[in-house]
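Text of the file structure_26.txt, holding compact mmCIF, C-alpha atoms and all ligand atoms:
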# COMPACT_ATOMS: atom_id res chain seq x y z
CA MET Q 12 -118.49 88.08 -11.18
CA PHE Q 13 -120.65 91.16 -11.88
CA ILE Q 14 -120.21 94.88 -12.42
CA GLN Q 15 -123.07 97.35 -11.92
CA LEU Q 16 -123.79 100.13 -14.40
CA VAL Q 17 -122.95 102.76 -11.79
CA GLN Q 18 -119.49 101.19 -11.32
CA MET Q 19 -118.94 101.13 -15.09
CA GLU Q 20 -119.76 104.84 -15.27
CA LYS Q 21 -117.34 105.57 -12.47
CA LEU Q 22 -114.66 103.72 -14.40
CA LEU Q 23 -115.39 105.02 -17.90
CA GLY Q 24 -117.49 108.18 -17.62
CA LYS Q 25 -120.88 108.43 -19.32
CA LEU Q 26 -120.95 108.00 -23.07
CA PRO Q 27 -124.42 108.55 -24.61
CA ALA Q 28 -123.52 106.42 -27.65
CA GLN Q 29 -123.21 103.40 -25.38
CA GLU Q 30 -126.85 103.31 -24.28
CA ARG Q 31 -128.03 100.80 -26.87
CA THR Q 32 -125.05 98.53 -26.24
CA ILE Q 33 -125.79 98.63 -22.53
CA SER Q 34 -129.42 97.59 -22.97
CA TYR Q 35 -128.23 94.92 -25.42
CA ALA Q 36 -125.64 93.70 -22.88
CA LEU Q 37 -128.23 93.57 -20.10
CA GLU Q 38 -131.04 91.84 -22.02
CA GLY Q 39 -131.17 92.13 -25.84
CA TYR Q 40 -128.35 89.72 -26.64
CA LYS Q 41 -130.26 86.85 -25.02
CA ASP Q 42 -132.75 86.97 -27.92
CA VAL Q 43 -129.97 86.48 -30.51
CA GLU Q 44 -128.64 82.96 -31.00
CA GLY Q 45 -124.91 82.65 -30.28
CA TRP Q 46 -122.28 81.66 -27.73
CA ILE Q 47 -121.10 85.00 -26.38
CA GLU Q 48 -119.68 85.18 -22.84
CA PRO Q 49 -121.39 88.20 -21.22
CA GLY Q 50 -118.07 89.35 -19.73
CA ILE Q 51 -117.10 90.58 -23.18
CA PHE Q 52 -119.63 93.44 -23.00
CA PRO Q 53 -117.92 95.49 -20.23
CA VAL Q 54 -114.60 94.89 -22.03
CA THR Q 55 -116.06 96.20 -25.30
CA LEU Q 56 -117.60 99.22 -23.55
CA ALA Q 57 -114.22 99.98 -21.97
CA LEU Q 58 -112.43 99.72 -25.32
CA ASP Q 59 -115.01 102.05 -26.85
CA ALA Q 60 -114.52 104.57 -24.03
CA ILE Q 61 -110.73 104.53 -24.45
CA GLN Q 62 -111.05 104.99 -28.21
CA ASN Q 63 -113.51 107.85 -27.76
CA LYS Q 64 -111.24 109.59 -25.27
CA LEU Q 65 -108.33 109.35 -27.71
CA GLY Q 66 -110.44 110.51 -30.65
CA PHE Q 67 -110.22 107.24 -32.61
CA THR Q 68 -113.00 106.81 -35.14
CA GLY Q 69 -113.92 104.02 -37.54
CA GLY Q 70 -116.38 101.23 -38.20
CA ALA Q 71 -116.89 97.60 -37.27
CA ILE Q 72 -116.30 94.45 -39.30
CA GLU Q 73 -116.68 90.79 -38.39
CA ILE Q 74 -115.58 87.62 -40.15
CA GLY Q 75 -118.03 84.93 -38.97
CA ILE Q 76 -121.46 86.33 -38.15
CA HIS Q 77 -123.74 83.33 -37.40
CA GLN Q 78 -126.83 85.42 -36.48
CA GLY Q 79 -125.00 88.58 -35.38
CA GLN Q 80 -124.79 88.26 -31.59
CA PHE Q 81 -121.42 90.03 -31.21
CA PHE Q 82 -121.58 92.15 -34.38
CA ILE Q 83 -124.69 93.94 -33.07
CA ALA Q 84 -122.84 95.04 -29.90
CA LEU Q 85 -120.03 96.51 -32.04
CA ALA Q 86 -122.33 98.15 -34.59
CA ASN Q 87 -124.37 99.80 -31.82
CA LEU Q 88 -121.23 101.65 -30.65
CA CYS Q 89 -120.22 103.06 -34.03
CA ASP Q 90 -121.52 106.36 -35.37
CA THR Q 91 -123.80 106.64 -38.37
CA SER Q 92 -121.01 107.59 -40.78
CA SER Q 93 -119.06 104.38 -40.05
CA ASP Q 94 -118.48 101.47 -42.35
CA LEU Q 95 -120.28 98.38 -40.94
CA VAL Q 96 -119.44 95.10 -42.68
CA ALA Q 97 -120.60 91.53 -41.91
CA ILE Q 98 -118.71 88.69 -43.63
CA ASP Q 99 -119.83 85.05 -43.62
CA VAL Q 100 -120.23 82.15 -46.02
CA PHE Q 101 -123.91 82.35 -44.96
CA GLU Q 102 -125.95 79.69 -46.84
CA ASP Q 103 -122.82 78.46 -48.65
CA GLN Q 104 -122.16 76.14 -45.68
CA ARG Q 105 -120.08 73.61 -47.67
CA LYS Q 106 -117.31 76.25 -47.25
CA ASN Q 107 -117.71 76.12 -43.44
CA ILE Q 108 -115.30 73.19 -43.31
CA ASP Q 109 -115.08 72.82 -39.52
CA ASN Q 110 -118.80 73.42 -38.86
CA SER Q 111 -118.22 76.40 -36.61
CA GLY Q 112 -121.64 77.99 -36.26
CA CYS Q 113 -123.92 78.32 -39.28
CA GLY Q 114 -124.33 81.74 -40.87
CA ASP Q 115 -127.94 82.74 -41.52
CA GLU Q 116 -128.32 86.07 -43.31
CA ALA Q 117 -132.11 86.29 -42.94
CA ALA Q 118 -131.90 85.72 -39.16
CA PHE Q 119 -129.03 88.23 -38.98
CA ARG Q 120 -131.11 90.87 -40.77
CA ARG Q 121 -134.06 90.24 -38.43
CA ASN Q 122 -131.78 90.57 -35.40
CA ILE Q 123 -130.39 93.87 -36.73
CA GLU Q 124 -133.97 95.10 -37.08
CA SER Q 125 -134.82 94.30 -33.46
CA ASN Q 126 -131.54 94.94 -31.62
CA CYS Q 127 -129.40 97.41 -33.57
CA ASN Q 128 -129.57 101.20 -33.55
CA LYS Q 129 -128.54 101.30 -37.24
CA PRO Q 130 -130.84 100.57 -40.18
CA ASN Q 131 -130.28 97.35 -42.12
CA ALA Q 132 -129.40 99.47 -45.17
CA MET Q 133 -126.29 100.76 -43.37
CA ILE Q 134 -124.90 97.27 -42.87
CA ARG Q 135 -123.14 95.59 -45.75
CA THR Q 136 -123.04 91.79 -45.85
CA ILE Q 137 -120.37 90.04 -47.91
CA LYS Q 138 -121.08 86.39 -48.63
CA SER Q 139 -117.63 84.89 -49.03
CA ASP Q 140 -115.16 82.38 -47.72
CA SER Q 141 -112.63 84.56 -45.91
CA LEU Q 142 -109.86 82.64 -47.69
CA ASP Q 143 -111.06 84.25 -50.95
CA LEU Q 144 -111.26 87.81 -49.58
CA GLN Q 145 -108.93 90.66 -50.32
CA VAL Q 146 -108.76 93.99 -48.54
CA GLY Q 147 -108.91 96.74 -51.13
CA THR Q 148 -110.82 97.73 -54.20
CA ARG Q 149 -111.47 94.22 -55.60
CA ASP Q 150 -113.74 93.27 -52.67
CA GLY Q 151 -114.61 96.87 -51.73
CA ILE Q 152 -113.34 96.62 -48.16
CA GLU Q 153 -111.26 99.61 -47.21
CA GLY Q 154 -108.11 98.88 -45.22
CA GLY Q 155 -107.42 100.80 -41.98
CA ASN Q 156 -111.06 101.77 -41.71
CA PHE Q 157 -112.27 99.77 -38.70
CA ARG Q 158 -111.81 100.43 -34.99
CA PHE Q 159 -113.42 97.08 -34.17
CA VAL Q 160 -112.46 93.93 -36.11
CA SER Q 161 -113.85 90.58 -34.93
CA VAL Q 162 -112.31 87.30 -36.16
CA ASP Q 163 -114.77 84.43 -35.57
CA GLY Q 164 -115.15 82.62 -38.92
CA GLY Q 165 -113.51 79.29 -39.82
CA HIS Q 166 -111.66 77.98 -36.73
CA SER Q 167 -108.91 75.97 -38.49
CA ALA Q 168 -105.28 77.09 -38.19
CA THR Q 169 -105.32 78.06 -41.88
CA HIS Q 170 -108.45 80.21 -41.49
CA THR Q 171 -107.23 81.83 -38.28
CA TYR Q 172 -103.86 82.72 -39.77
CA ASN Q 173 -105.50 84.06 -42.95
CA ASP Q 174 -108.10 86.05 -40.98
CA LEU Q 175 -105.45 87.63 -38.72
CA LEU Q 176 -103.59 88.77 -41.84
CA LEU Q 177 -106.85 90.31 -43.11
CA ALA Q 178 -107.53 91.85 -39.67
CA GLU Q 179 -104.17 93.62 -39.51
CA LYS Q 180 -104.98 95.30 -42.82
CA LEU Q 181 -108.54 96.18 -41.80
CA VAL Q 182 -107.92 97.60 -38.35
CA SER Q 183 -107.42 101.35 -37.90
CA ASP Q 184 -104.31 102.69 -36.17
CA GLY Q 185 -105.84 102.73 -32.68
CA GLY Q 186 -108.39 99.98 -33.32
CA VAL Q 187 -108.79 96.59 -31.67
CA VAL Q 188 -109.02 93.06 -33.08
CA PHE Q 189 -111.04 90.39 -31.20
CA LEU Q 190 -109.98 86.78 -31.80
CA ASP Q 191 -112.64 84.32 -30.62
CA ASP Q 192 -112.19 80.88 -29.04
CA ILE Q 193 -108.46 81.26 -28.42
CA LEU Q 194 -108.72 79.07 -25.29
CA HIS Q 195 -111.57 76.76 -26.35
CA HIS Q 196 -110.63 73.07 -26.30
CA HIS Q 197 -112.89 72.31 -29.29
CA TRP Q 198 -111.10 74.82 -31.49
CA MET Q 199 -107.36 74.30 -31.01
CA GLY Q 200 -106.82 75.44 -34.61
CA VAL Q 201 -107.34 79.00 -33.38
CA MET Q 202 -104.33 78.77 -31.03
CA GLU Q 203 -102.28 77.09 -33.78
CA GLY Q 204 -103.19 79.83 -36.26
CA PHE Q 205 -102.39 82.55 -33.73
CA MET Q 206 -98.99 80.98 -32.95
CA ARG Q 207 -98.22 80.83 -36.65
CA TYR Q 208 -99.12 84.50 -36.95
CA ARG Q 209 -97.36 85.78 -33.85
CA LEU Q 210 -94.30 83.53 -33.49
CA PHE Q 211 -93.37 82.27 -36.94
CA SER Q 212 -94.16 85.30 -39.08
CA PRO Q 213 -94.83 88.19 -36.70
CA GLY Q 214 -97.36 90.63 -38.08
CA THR Q 215 -98.28 94.02 -36.68
CA LEU Q 216 -100.95 92.85 -34.20
CA VAL Q 217 -99.94 92.32 -30.57
CA PRO Q 218 -102.17 90.75 -27.88
CA PHE Q 219 -102.90 92.73 -24.71
CA LEU Q 220 -105.86 90.93 -23.11
CA VAL Q 221 -107.37 87.44 -22.91
CA THR Q 222 -110.79 87.11 -21.29
CA ALA Q 223 -114.37 86.00 -21.99
CA ASN Q 224 -113.20 83.45 -24.57
CA LYS Q 225 -111.56 86.14 -26.72
CA MET Q 226 -108.09 87.57 -27.22
CA MET Q 227 -107.84 91.31 -27.84
CA LEU Q 228 -105.01 92.66 -30.01
CA SER Q 229 -103.90 96.08 -31.22
CA LYS Q 230 -101.04 97.52 -33.22
CA ALA Q 231 -97.81 97.69 -31.20
CA THR Q 232 -98.07 101.48 -31.05
CA HIS Q 233 -101.24 101.29 -28.91
CA HIS Q 234 -100.48 98.13 -26.95
CA GLY Q 235 -99.23 100.08 -23.91
CA THR Q 236 -102.38 102.22 -23.68
CA TYR Q 237 -104.78 99.29 -23.72
CA LEU Q 238 -102.62 97.08 -21.52
CA GLU Q 239 -102.26 99.74 -18.85
CA PHE Q 240 -106.02 100.26 -18.59
CA PHE Q 241 -106.84 96.56 -18.23
CA ALA Q 242 -103.84 95.73 -16.02
CA LYS Q 243 -104.37 98.64 -13.63
CA HIS Q 244 -107.99 99.78 -13.73
CA PHE Q 245 -110.41 97.20 -15.13
CA PRO Q 246 -111.88 94.86 -12.47
CA MET Q 247 -111.39 91.18 -13.28
CA GLY Q 248 -111.40 87.99 -11.24
CA ASP Q 249 -108.14 86.03 -10.96
CA LYS Q 250 -106.32 88.81 -12.83
CA LYS Q 251 -102.69 88.44 -13.81
CA THR Q 252 -100.34 90.37 -16.11
CA TYR Q 253 -97.31 88.57 -17.53
CA ARG Q 254 -95.11 88.05 -20.58
CA TRP Q 255 -96.33 85.47 -23.13
CA THR Q 256 -95.21 84.87 -26.75
CA GLY Q 257 -92.87 87.82 -26.18
CA ASP Q 258 -95.69 90.26 -25.40
CA ILE Q 259 -97.13 91.45 -22.10
CA ILE Q 260 -100.77 90.45 -21.65
CA THR Q 261 -103.42 90.68 -18.95
CA VAL Q 262 -105.67 87.68 -18.39
CA GLY Q 263 -108.60 87.17 -16.05
CA ILE Q 264 -112.34 86.71 -15.70
CA SER Q 265 -114.21 89.80 -16.82
CA PRO Q 266 -117.47 90.64 -15.05
CA ALA Q 267 -120.93 90.49 -16.58
CA LEU Q 268 -122.85 93.77 -16.61
CA VAL Q 269 -125.86 94.06 -14.30
CA ALA Q 270 -128.37 96.88 -13.77
CA ASP Q 271 -127.98 99.00 -10.64
CA SER Q 272 -129.73 97.58 -7.64
CA GLY Q 273 -132.24 99.74 -5.76
C1 LIG X 301 -118.83 80.68 -34.30
S1 LIG X 301 -119.80 81.27 -35.58
C2 LIG X 301 -119.74 83.02 -35.36
C3 LIG X 301 -120.45 83.53 -34.13
C4 LIG X 301 -120.71 85.03 -34.15
N1 LIG X 301 -119.49 85.80 -34.19
C5 LIG X 301 -121.59 85.47 -33.01
O1 LIG X 301 -121.33 86.52 -32.40
O2 LIG X 301 -122.56 84.77 -32.71
C6 LIG X 301 -118.80 81.05 -37.00
C7 LIG X 301 -119.36 81.62 -38.28
O3 LIG X 301 -118.33 81.61 -39.27
C8 LIG X 301 -118.88 81.25 -40.51
N2 LIG X 301 -117.78 80.67 -41.31
C9 LIG X 301 -117.24 79.44 -41.22
N3 LIG X 301 -116.22 79.30 -42.07
C10 LIG X 301 -116.10 80.48 -42.72
C11 LIG X 301 -115.21 80.96 -43.75
N4 LIG X 301 -114.27 80.18 -44.28
N5 LIG X 301 -115.37 82.23 -44.18
C12 LIG X 301 -116.34 83.03 -43.67
N6 LIG X 301 -117.21 82.63 -42.71
C13 LIG X 301 -117.09 81.38 -42.24
C14 LIG X 301 -120.01 80.27 -40.18
O4 LIG X 301 -121.00 80.25 -41.20
C15 LIG X 301 -120.54 80.83 -38.86
O5 LIG X 301 -121.61 81.70 -39.07
Transcribe the structure of this file into structure tokens.
Ligand SMILES: C[S@@+](CC[C@H](N)C(=O)[O-])C[C@H]1O[C@@H](n2cnc3c(N)ncnc32)[C@H](O)[C@@H]1O
Amino acid sequence: MFIQLVQMEKLLGKLPAQERTISYALEGYKDVEGWIEPGIFPVTLALDAIQNKLGFTGGAIEIGIHQGQFFIALANLCDTSSDLVAIDVFEDQRKNIDNSGCGDEAAFRRNIESNCNKPNAMIRTIKSDSLDLQVGTRDGIEGGNFRFVSVDGGHSATHTYNDLLLAEKLVSDGGVVFLDDILHHHWMGVMEGFMRYRLFSPGTLVPFLVTANKMMLSKATHHGTYLEFFAKHFPMGDKKTYRWTGDIITVGISPALVADSG
């Protein structure tokens, strides 16, 4: 399934800050090693448009960078005063206990240079096992400061649960958390960790969308806004909206972005 640029603009309006993400979604991302499903780009552009319309500001942070394929898309959308933070064990791979990806800081920095509209100096890398991280002054990561938080580090249930607890502290009031590999059969720990978070010790993050191998969550206060847009307006294949784990979610196959024809 595809969506043309012209259709995206009809749906979202034209946002000049999205230009670099659009060129990255059309071509640039293919030069960065990773496993991204291209359907996540229109979803991310739509989330950015909603946040812009509502006046939400903030930066981007990802736990689990590999070589930056998704982080670059998020960083390209943020303004130059935003906090941009990339967390990975990087070369300390003995802490990558389930061998999910393989962080490479040098490759990440090269990819920022060639595909990101922000200078490398603006992007802070933190080399750490996410299990050792704290939000706050000790680790210098400011809570509530990020409108995009991506969780894609260790894929065990323990890591996922821990990283969702970090994400709920990091995300801004109207921000969105992306949880990767929620439906991937190789990484069932992600589903187990999510269930632990949502069912057994409910935190403040509520899912509203599952597509392109990611689950999108927000605080309960903004769940209705995001859900309504994706349930009613965003084009997806095999789309369905229903109650799951006590929350209403939309699921479906999101389209890849293509340039306008002719
Ligand atoms: C699936 S890859 C991330 C892919 C990336 N988000 C992208 O867009 O290409 C997982 C990453 O998590 C890192 N990682 C694994 N365990 C970790 C942990 N406990 N703490 C922080 N990072 C971890 C790995 O080094 C690897 O780079």
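The residues that lie within 7 Å of the point (-128.3, 97.2, -34.0), counting only C-alpha atoms, are Ile83, Ala86, Asn87, Ile123, Glu124, Asn126, Cys127, Asn128 and Lys129 of chain Q.
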Export, as a PDB file, keeping the file's coordinate frame, the selected residues with C-alpha atoms.
ATOM      1  CA  ILE Q  83    -124.690  93.940 -33.070  1.00  0.00           C
ATOM      2  CA  ALA Q  86    -122.330  98.150 -34.590  1.00  0.00           C
ATOM      3  CA  ASN Q  87    -124.370  99.800 -31.820  1.00  0.00           C
ATOM      4  CA  ILE Q 123    -130.390  93.870 -36.730  1.00  0.00           C
ATOM      5  CA  GLU Q 124    -133.970  95.100 -37.080  1.00  0.00           C
ATOM      6  CA  ASN Q 126    -131.540  94.940 -31.620  1.00  0.00           C
ATOM      7  CA  CYS Q 127    -129.400  97.410 -33.570  1.00  0.00           C
ATOM      8  CA  ASN Q 128    -129.570 101.200 -33.550  1.00  0.00           C
ATOM      9  CA  LYS Q 129    -128.540 101.300 -37.240  1.00  0.00           C
TER      10      LYS Q 129
END
Practice task
For ligand LIG 301 (chain X), list the contacting residues at 7 Å or closer, counting only C-alpha atoms and all ligand atoms, as JSON, numbers by chain.
Solution key: {"Q": [44, 45, 46, 47, 74, 75, 76, 77, 78, 79, 80, 81, 82, 98, 99, 100, 101, 104, 106, 107, 108, 110, 111, 112, 113, 114, 115, 139, 140, 141, 142, 163, 164, 165, 170]}
Practice task
May I have the residues at most 6 Å from (-117.1, 100.4, -28.4) in the file's coordinates, counting all atoms listed in the file, as a PyMOL selection string?
Solution key: chain Q and resi 55-56+58-59+88
Let me have the centre and edge lengths of the axis-aligned box enclosing all listed atoms of range 134-137 of chain Q with 3 Å padding on every side, in Å to one decimal, as lines of an AutoDock Vina configuration file.
center_x = -122.6
center_y = 93.7
center_z = -45.4
size_x = 10.5
size_y = 13.2
size_z = 11.0
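Across Q:Gly154, Q:Gly214, Q:Gly263, Q:Gly257, the tightest approach to Phe245 in chain Q is made by Q:Gly263 when counting only C-alpha atoms.
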Exercise: range 175-179 of chain Q partners within 9 Å, all atoms listed in the file, chain neighbours under 6 positions left out, as a PDB file with C-alpha atoms, in the frame of the given file:
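Below is the file that was written, around-v5.pdb:
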ATOM      1  CA  SER Q 141    -112.630  84.560 -45.910  1.00  0.00           C
ATOM      2  CA  LEU Q 144    -111.260  87.810 -49.580  1.00  0.00           C
ATOM      3  CA  GLN Q 145    -108.930  90.660 -50.320  1.00  0.00           C
ATOM      4  CA  VAL Q 146    -108.760  93.990 -48.540  1.00  0.00           C
ATOM      5  CA  GLY Q 154    -108.110  98.880 -45.220  1.00  0.00           C
ATOM      6  CA  GLY Q 155    -107.420 100.800 -41.980  1.00  0.00           C
ATOM      7  CA  VAL Q 160    -112.460  93.930 -36.110  1.00  0.00           C
ATOM      8  CA  SER Q 161    -113.850  90.580 -34.930  1.00  0.00           C
ATOM      9  CA  VAL Q 162    -112.310  87.300 -36.160  1.00  0.00           C
ATOM     10  CA  VAL Q 188    -109.020  93.060 -33.080  1.00  0.00           C
ATOM     11  CA  LEU Q 190    -109.980  86.780 -31.800  1.00  0.00           C
ATOM     12  CA  GLY Q 204    -103.190  79.830 -36.260  1.00  0.00           C
ATOM     13  CA  PHE Q 205    -102.390  82.550 -33.730  1.00  0.00           C
ATOM     14  CA  TYR Q 208     -99.120  84.500 -36.950  1.00  0.00           C
ATOM     15  CA  GLY Q 214     -97.360  90.630 -38.080  1.00  0.00           C
ATOM     16  CA  THR Q 215     -98.280  94.020 -36.680  1.00  0.00           C
ATOM     17  CA  LEU Q 216    -100.950  92.850 -34.200  1.00  0.00           C
ATOM     18  CA  SER Q 229    -103.900  96.080 -31.220  1.00  0.00           C
ATOM     19  CA  LYS Q 230    -101.040  97.520 -33.220  1.00  0.00           C
TER      20      LYS Q 230
END
Handout entry: Interatomic distance (Å, one decimal) between CA of His166 in chain Q and CA of Trp255 in chain Q
Key = 21.8 Å
Fill in the blank from the handout: Here CA of Gly70 in chain Q and CA of Pro49 in chain Q stand apart by 22.0 Å
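Distances to Cys89 in chain Q were evaluated for Q:Asn173, Q:Gln18, Q:Thr32, Q:Ser183 using only C-alpha atoms, and the minimum falls at Q:Thr32.
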Practice task
Could you give me, as number ranges by chain, the residues within 12 Å of Thr236 in chain Q, counting all atoms listed in the file and dropping anything in the same chain fewer than 3 positions from it?
Solution key: Q: 58, 61-62, 64-65, 185-187, 219-220, 228-233, 239-244
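The nearest approach to Val96 in chain Q among the residues Q:Leu181, Q:Ala60, Q:Val17, Q:Ile33, with all atoms listed in the file taken into account, belongs to Q:Leu181.
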Fill in the blank from the handout: With distances taken over all atoms listed in the file, the candidate from Q:Val269, Q:Arg158, Q:Asp103, Q:Gln15 nearest Glu116 in chain Q is Q:Asp103
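If you measure from each of Q:Ala168, Q:Ala36, Q:Ile14, Q:Ala118 to Glu48 in chain Q using only C-alpha atoms, the closest one turns out to be Q:Ala36.
The smallest atom-to-atom distance between Glu38 in chain Q and any of Q:Val201, Q:Leu23, Q:Ala84, Q:Ala117, using all atoms listed in the file, is found for Q:Ala84.
Straight-line separation from CA of Pro53 in chain Q to CA of Ala71 in chain Q: 17.2 Å.
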